[in-house]
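Source file: input08.tsv (TSV, C-alpha atoms)
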chain	number	residue	atom	x	y	z
A	1	MET	CA	96.31	131.27	116.47
A	2	ALA	CA	93.08	131.65	118.42
A	3	LEU	CA	94.23	135.13	119.51
A	4	TRP	CA	94.98	136.31	115.98
A	5	PRO	CA	92.52	138.34	113.89
A	6	PHE	CA	90.22	135.79	112.23
A	7	GLY	CA	91.96	133.21	114.40
A	8	ARG	CA	88.93	130.97	114.79
A	9	ALA	CA	88.42	130.92	111.03
A	10	LEU	CA	92.06	129.88	110.58
A	11	LEU	CA	91.66	127.16	113.22
A	12	ALA	CA	88.51	125.93	111.48
A	13	LEU	CA	90.40	125.68	108.18
A	14	LEU	CA	93.26	123.90	109.94
A	15	GLY	CA	90.78	121.47	111.51
A	16	LEU	CA	89.19	120.73	108.13
A	17	GLY	CA	92.62	120.10	106.66
A	18	LEU	CA	93.46	117.73	109.50
A	19	ILE	CA	90.18	115.87	108.98
A	20	ALA	CA	91.05	115.49	105.31
A	21	TYR	CA	94.46	114.12	106.30
A	22	VAL	CA	92.82	111.65	108.70
A	23	LEU	CA	90.55	110.42	105.89
A	24	TRP	CA	93.58	110.08	103.61
A	25	ARG	CA	95.40	107.99	106.22
A	26	LEU	CA	92.36	105.77	106.65
A	27	GLY	CA	92.15	105.41	102.87
A	28	GLN	CA	95.79	104.31	102.82
A	29	ALA	CA	95.01	101.71	105.48
A	30	ILE	CA	91.75	100.38	104.01
A	31	TRP	CA	92.35	100.48	100.23
A	32	ASP	CA	96.14	100.05	100.29
A	33	THR	CA	96.74	103.07	98.05
A	34	GLU	CA	100.48	102.79	98.82
A	35	ARG	CA	100.74	99.19	97.50
A	36	LYS	CA	101.98	97.75	100.80
A	37	GLY	CA	100.39	94.37	100.13
A	38	ASN	CA	98.52	91.87	102.26
A	39	ASP	CA	101.39	90.07	103.95
A	40	TRP	CA	102.22	90.73	107.59
A	41	ARG	CA	104.57	93.60	106.75
A	42	GLY	CA	101.98	95.24	104.55
A	43	TRP	CA	99.29	94.94	107.22
A	44	ALA	CA	101.69	96.32	109.85
A	45	GLN	CA	102.37	99.38	107.69
A	46	ARG	CA	98.68	99.82	106.96
A	47	LEU	CA	97.98	99.60	110.69
A	48	GLY	CA	100.56	102.35	111.13
A	49	PHE	CA	98.61	104.52	108.69
A	50	ALA	CA	95.46	103.97	110.73
A	51	VAL	CA	97.24	104.83	114.01
A	52	SER	CA	98.65	107.95	112.39
A	53	GLY	CA	95.14	108.92	111.34
A	54	GLY	CA	93.98	108.50	114.93
A	55	LEU	CA	96.74	110.77	116.22
A	56	TYR	CA	95.87	113.49	113.73
A	57	ALA	CA	92.20	113.07	114.63
A	58	THR	CA	93.08	114.20	118.16
A	59	LEU	CA	94.66	117.34	116.69
A	60	ALA	CA	91.52	117.99	114.66
A	61	TRP	CA	89.48	117.59	117.84
A	62	GLN	CA	91.70	120.12	119.62
A	63	CYS	CA	91.10	122.59	116.80
A	64	ALA	CA	87.35	122.07	117.16
A	65	THR	CA	87.64	122.56	120.92
A	66	LEU	CA	89.45	125.87	120.44
A	67	VAL	CA	86.88	127.03	117.91
A	68	PHE	CA	83.79	126.19	119.96
A	69	GLN	CA	85.05	126.92	123.47
A	70	SER	CA	86.87	129.81	125.03
A	71	LEU	CA	90.66	129.81	124.85
A	72	ALA	CA	90.97	129.66	128.64
A	73	GLN	CA	88.81	126.56	128.84
A	74	SER	CA	90.59	124.78	126.02
A	75	GLN	CA	94.01	125.36	127.51
A	76	GLY	CA	93.11	123.46	130.67
A	77	GLY	CA	94.44	120.15	129.32
A	78	GLY	CA	97.72	119.46	127.64
A	79	THR	CA	100.33	116.81	127.08
A	80	SER	CA	101.44	116.75	130.71
A	81	GLN	CA	97.89	116.10	131.99
A	82	ASN	CA	97.37	113.34	129.41
A	83	THR	CA	100.69	111.83	130.45
A	84	GLU	CA	99.64	111.93	134.09
A	85	ARG	CA	96.44	110.06	133.24
A	86	VAL	CA	98.37	107.35	131.39
A	87	LEU	CA	100.82	106.98	134.28
A	88	GLY	CA	97.85	106.41	136.57
A	89	VAL	CA	96.64	103.26	134.82
A	90	PRO	CA	98.19	99.81	135.42
A	91	GLY	CA	101.26	99.43	133.24
A	92	GLY	CA	100.97	103.05	132.16
A	93	ARG	CA	104.66	103.71	132.72
A	94	TRP	CA	105.71	101.00	130.27
A	95	LEU	CA	103.00	102.06	127.83
A	96	LEU	CA	104.55	105.52	127.75
A	97	VAL	CA	108.05	104.07	127.36
A	98	ALA	CA	106.76	102.04	124.40
A	99	LEU	CA	105.14	105.16	122.94
A	100	GLY	CA	108.41	107.05	123.28
A	101	VAL	CA	110.28	104.21	121.57
A	102	VAL	CA	107.76	104.26	118.72
A	103	PHE	CA	108.27	108.00	118.25
A	104	VAL	CA	112.05	107.54	118.23
A	105	GLY	CA	111.72	104.68	115.74
A	106	VAL	CA	109.54	106.76	113.43
A	107	GLY	CA	112.04	109.61	113.66
A	108	ILE	CA	114.96	107.35	112.75
A	109	HIS	CA	112.91	105.93	109.87
A	110	GLN	CA	112.32	109.46	108.55
A	111	MET	CA	116.03	110.22	108.67
A	112	VAL	CA	116.85	106.95	106.89
A	113	ARG	CA	114.33	107.84	104.17
A	114	ALA	CA	116.05	111.20	103.76
A	115	TRP	CA	119.48	109.55	103.54
A	116	ARG	CA	118.48	106.79	101.12
A	117	ARG	CA	116.07	108.98	99.13
A	118	SER	CA	113.52	106.17	99.28
A	119	TYR	CA	110.69	108.69	98.93
A	120	ARG	CA	111.44	108.85	95.18
A	121	LYS	CA	109.68	105.53	94.54
A	122	ASN	CA	106.43	107.23	95.54
A	123	TRP	CA	106.84	110.09	93.06
A	124	HIS	CA	105.16	109.92	89.66
A	125	LEU	CA	107.71	111.96	87.68
A	126	ASP	CA	107.51	110.45	84.21
A	127	SER	CA	104.29	112.29	83.34
A	128	ARG	CA	105.74	115.65	84.42
A	129	PRO	CA	108.22	117.00	81.85
A	130	ASN	CA	111.48	118.37	83.23
A	131	PRO	CA	110.60	118.63	86.94
A	132	PRO	CA	113.12	120.59	89.06
A	133	LEU	CA	114.30	117.34	90.61
A	134	PRO	CA	117.41	118.61	92.46
A	135	LEU	CA	115.35	121.32	94.17
A	136	LEU	CA	112.52	118.90	95.01
A	137	GLU	CA	114.97	116.39	96.46
A	138	ALA	CA	116.76	119.03	98.53
A	139	ILE	CA	113.44	120.12	100.07
A	140	ALA	CA	112.36	116.52	100.66
A	141	ARG	CA	115.61	115.42	102.30
A	142	LEU	CA	115.84	118.48	104.54
A	143	GLY	CA	112.18	118.23	105.55
A	144	LEU	CA	112.25	114.51	106.32
A	145	ALA	CA	115.49	114.85	108.29
A	146	ALA	CA	114.08	117.72	110.37
A	147	ARG	CA	110.88	115.81	111.04
A	148	GLY	CA	112.94	112.80	112.07
A	149	VAL	CA	114.98	114.84	114.54
A	150	THR	CA	111.86	116.36	116.13
A	151	PHE	CA	110.22	112.93	116.45
A	152	VAL	CA	113.34	111.55	118.14
A	153	LEU	CA	113.30	114.48	120.59
A	154	ILE	CA	109.58	114.09	121.33
A	155	GLY	CA	109.94	110.34	121.85
A	156	SER	CA	112.93	110.86	124.14
A	157	LEU	CA	110.97	113.36	126.25
A	158	ILE	CA	108.00	110.99	126.53
A	159	ALA	CA	110.23	108.09	127.56
A	160	LEU	CA	112.08	110.34	130.02
A	161	ALA	CA	108.78	111.40	131.58
A	162	ALA	CA	107.81	107.76	132.04
A	163	TRP	CA	111.21	106.81	133.46
A	164	ARG	CA	111.22	109.69	135.96
A	165	LEU	CA	107.46	109.41	136.64
A	166	SER	CA	107.33	113.13	135.84
A	167	PRO	CA	104.44	114.08	133.51
A	168	SER	CA	105.77	117.63	133.20
A	169	ASP	CA	108.71	116.30	131.17
A	170	ALA	CA	106.38	115.24	128.34
A	171	GLN	CA	105.36	118.40	126.50
A	172	GLY	CA	105.33	117.41	122.85
A	173	LEU	CA	106.77	119.47	120.03
A	174	GLY	CA	106.95	122.68	122.05
A	175	ALA	CA	109.21	121.11	124.65
A	176	ALA	CA	111.36	119.49	121.97
A	177	LEU	CA	111.97	122.86	120.33
A	178	ASN	CA	112.51	124.47	123.73
A	179	LEU	CA	115.14	121.81	124.46
A	180	LEU	CA	116.95	122.81	121.28
A	181	ALA	CA	116.75	126.49	122.22
A	182	HIS	CA	118.55	125.88	125.54
A	183	GLN	CA	121.53	124.09	123.98
A	184	PRO	CA	124.79	125.82	123.04
A	185	PHE	CA	124.09	127.81	119.86
A	186	GLY	CA	120.41	127.20	120.64
A	187	ASP	CA	119.19	130.06	118.48
A	188	TRP	CA	120.94	128.56	115.47
A	189	LEU	CA	119.62	125.08	116.25
A	190	LEU	CA	116.09	126.41	116.62
A	191	GLY	CA	116.42	128.35	113.38
A	192	ALA	CA	117.64	125.23	111.60
A	193	ALA	CA	114.71	123.25	113.00
A	194	ALA	CA	112.30	125.94	111.79
A	195	VAL	CA	113.78	125.88	108.29
A	196	GLY	CA	113.66	122.08	108.28
A	197	LEU	CA	110.03	121.92	109.39
A	198	MET	CA	109.08	124.48	106.74
A	199	ALA	CA	110.90	122.26	104.25
A	200	TYR	CA	108.75	119.33	105.44
A	201	GLY	CA	105.71	121.46	104.67
A	202	GLY	CA	107.18	121.95	101.21
A	203	TYR	CA	107.69	118.20	100.92
A	204	CYS	CA	103.98	117.70	101.64
A	205	PHE	CA	103.11	120.11	98.82
A	206	ILE	CA	105.46	118.19	96.52
A	207	ASN	CA	103.67	114.96	97.46
A	208	ALA	CA	100.35	116.60	96.62
A	209	GLY	CA	101.60	117.16	93.09
A	210	TYR	CA	103.83	114.14	92.40
A	211	ARG	CA	102.64	111.35	94.71
A	212	ARG	CA	101.99	108.01	93.00
A	213	VAL	CA	98.63	106.80	94.33
A	214	ARG	CA	96.73	103.65	93.38
A	215	HIS	CA	93.06	104.15	92.61
A	216	PRO	CA	91.07	102.30	95.32
A	217	ARG	CA	88.64	100.75	92.80
A	218	SER	CA	90.74	100.01	89.75
A	219	GLY	CA	93.78	98.80	91.72
A	220	THR	CA	96.16	100.62	89.34
Any chance you could give the structure as structure tokens?
Amino acid sequence: MALWPFGRALLALLGLGLIAYVLWRLGQAIWDTERKGNDWRGWAQRLGFAVSGGLYATLAWQCATLVFQSLAQSQGGGTSQNTERVLGVPGGRWLLVALGVVFVGVGIHQMVRAWRRSYRKNWHLDSRPNPPLPLLEAIARLGLAARGVTFVLIGSLIALAAWRLSPSDAQGLGAALNLLAHQPFGDWLLGAAAVGLMAYGGYCFINAGYRRVRHPRSGT
């Protein structure tokens, strides 16, 4: 994107959007806008929101780095270098394995949500007359399933890098998609992943319009 016309402006907009998403995740964690409760399960889920916000904050920082530095300088890091740093600390190998397991777990959870359609409990549909529910559900299920598959692939690559002590194996989403591309019928698999991830983007837009959110002050 940095090489596109107006690329830095697009990256700046992307960074602002990511910052807004980080603040939303922190709001979910602090004010319990998702009604998770104050028992241990609720606090664990709210902690997950906070961790998710931290991960997206690193993406926002990368956008800022690309905007304010040259592209050549900003490309000096990467997932493999970060993985190498983690492997260098005591217990880093098992930390990476745990991180990979978490990614796989989140991916499986996304696929279960798509199968059970549990996302519907978060949608405020009664105030919207005649919503195109079959279309919305098709987009949501496809998007969540595709996101789940990519998370499972990313987590598997991270765990594999830790097991082999090979930081180059951990390359994030790009490597996960590249892995799909090199399978039999890879072009079709990659195309399906692209359609699914675009559907997840559509699911996020649906959430923006239909999400049931508790007001942080009123509690309703």
- Task: Tell me which protein, DNA and RNA residues are within 8 Å of range 38-52 of chain A, counting only C-alpha atoms, leaving out same-chain ones fewer than 3 positions away, and put them as an NGL selection string.
- Result: :A and (22 or 25-26 or 28-30 or 32 or 55-56)
(request) Find the residues around Ala193 in chain A up to 9 Å (all atoms listed in the file counted), leave out those fewer than 6 positions away in its own chain, and share them as a PyMOL selection string. (result) chain A and resi 146-147+149-150+177+180
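If you look at CA of Gln69 in chain A and CA of Leu23 in chain A, they are 24.7 Å away from each other.
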Please, which residues are within 12 Å of (90.6, 117.7, 109.5) by the file's coordinates, counting all atoms listed in the file, and could they come as a ChimeraX atom specification? /A:11-25,53-64
How big is the axis-aligned box around the listed atoms of range 92-107 of chain A once 4 Å is added on each side, and where is its centre? Give both in Å to one decimal, as AutoDock Vina command-line options.
--center_x 106.5 --center_y 105.3 --center_z 123.1 --size_x 19.1 --size_y 16.6 --size_z 27.3
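Residues with any atom within 10 Å of Ile206 in chain A, counting only C-alpha atoms and excluding same-chain neighbours fewer than 6 positions away, are Trp123, Leu136, Glu137, Ile139, Ala140 and Tyr200 of chain A.
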_Point-to-point distance from CA of Gly7 in chain A to CA of Leu197 in chain A, Å rounded to tenths_ =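 Distance between the two atoms: 21.9 Å.
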How many Å lie between CA of Val152 in chain A and CA of Leu10 in chain A, rounded to one decimal?
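Those two atoms sit 29.1 Å apart.
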Within 12 Å of Arg116 in chain A using all atoms listed in the file, minus same-chain residues under 6 positions, as a PyMOL selection string | chain A and resi 109-110+137+140-141+144-145
- Task: Give as a PyMOL selection string the set of residues within 9 Å of the point (112.9, 112.0, 121.9), where distances use the file's coordinates and all atoms listed in the file.
- Result: chain A and resi 100-101+103-104+107+149-160+176
Given the selection you just returned, output its residues as a file containing C-alpha atoms, formatted as an mmCIF file, in the coordinates of the input.
data_model
loop_
_atom_site.group_PDB
_atom_site.id
_atom_site.type_symbol
_atom_site.label_atom_id
_atom_site.label_comp_id
_atom_site.auth_asym_id
_atom_site.auth_seq_id
_atom_site.Cartn_x
_atom_site.Cartn_y
_atom_site.Cartn_z
ATOM 1 C CA GLY A 100 108.410 107.050 123.280
ATOM 2 C CA VAL A 101 110.280 104.210 121.570
ATOM 3 C CA PHE A 103 108.270 108.000 118.250
ATOM 4 C CA VAL A 104 112.050 107.540 118.230
ATOM 5 C CA GLY A 107 112.040 109.610 113.660
ATOM 6 C CA VAL A 149 114.980 114.840 114.540
ATOM 7 C CA THR A 150 111.860 116.360 116.130
ATOM 8 C CA PHE A 151 110.220 112.930 116.450
ATOM 9 C CA VAL A 152 113.340 111.550 118.140
ATOM 10 C CA LEU A 153 113.300 114.480 120.590
ATOM 11 C CA ILE A 154 109.580 114.090 121.330
ATOM 12 C CA GLY A 155 109.940 110.340 121.850
ATOM 13 C CA SER A 156 112.930 110.860 124.140
ATOM 14 C CA LEU A 157 110.970 113.360 126.250
ATOM 15 C CA ILE A 158 108.000 110.990 126.530
ATOM 16 C CA ALA A 159 110.230 108.090 127.560
ATOM 17 C CA LEU A 160 112.080 110.340 130.020
ATOM 18 C CA ALA A 176 111.360 119.490 121.970
#
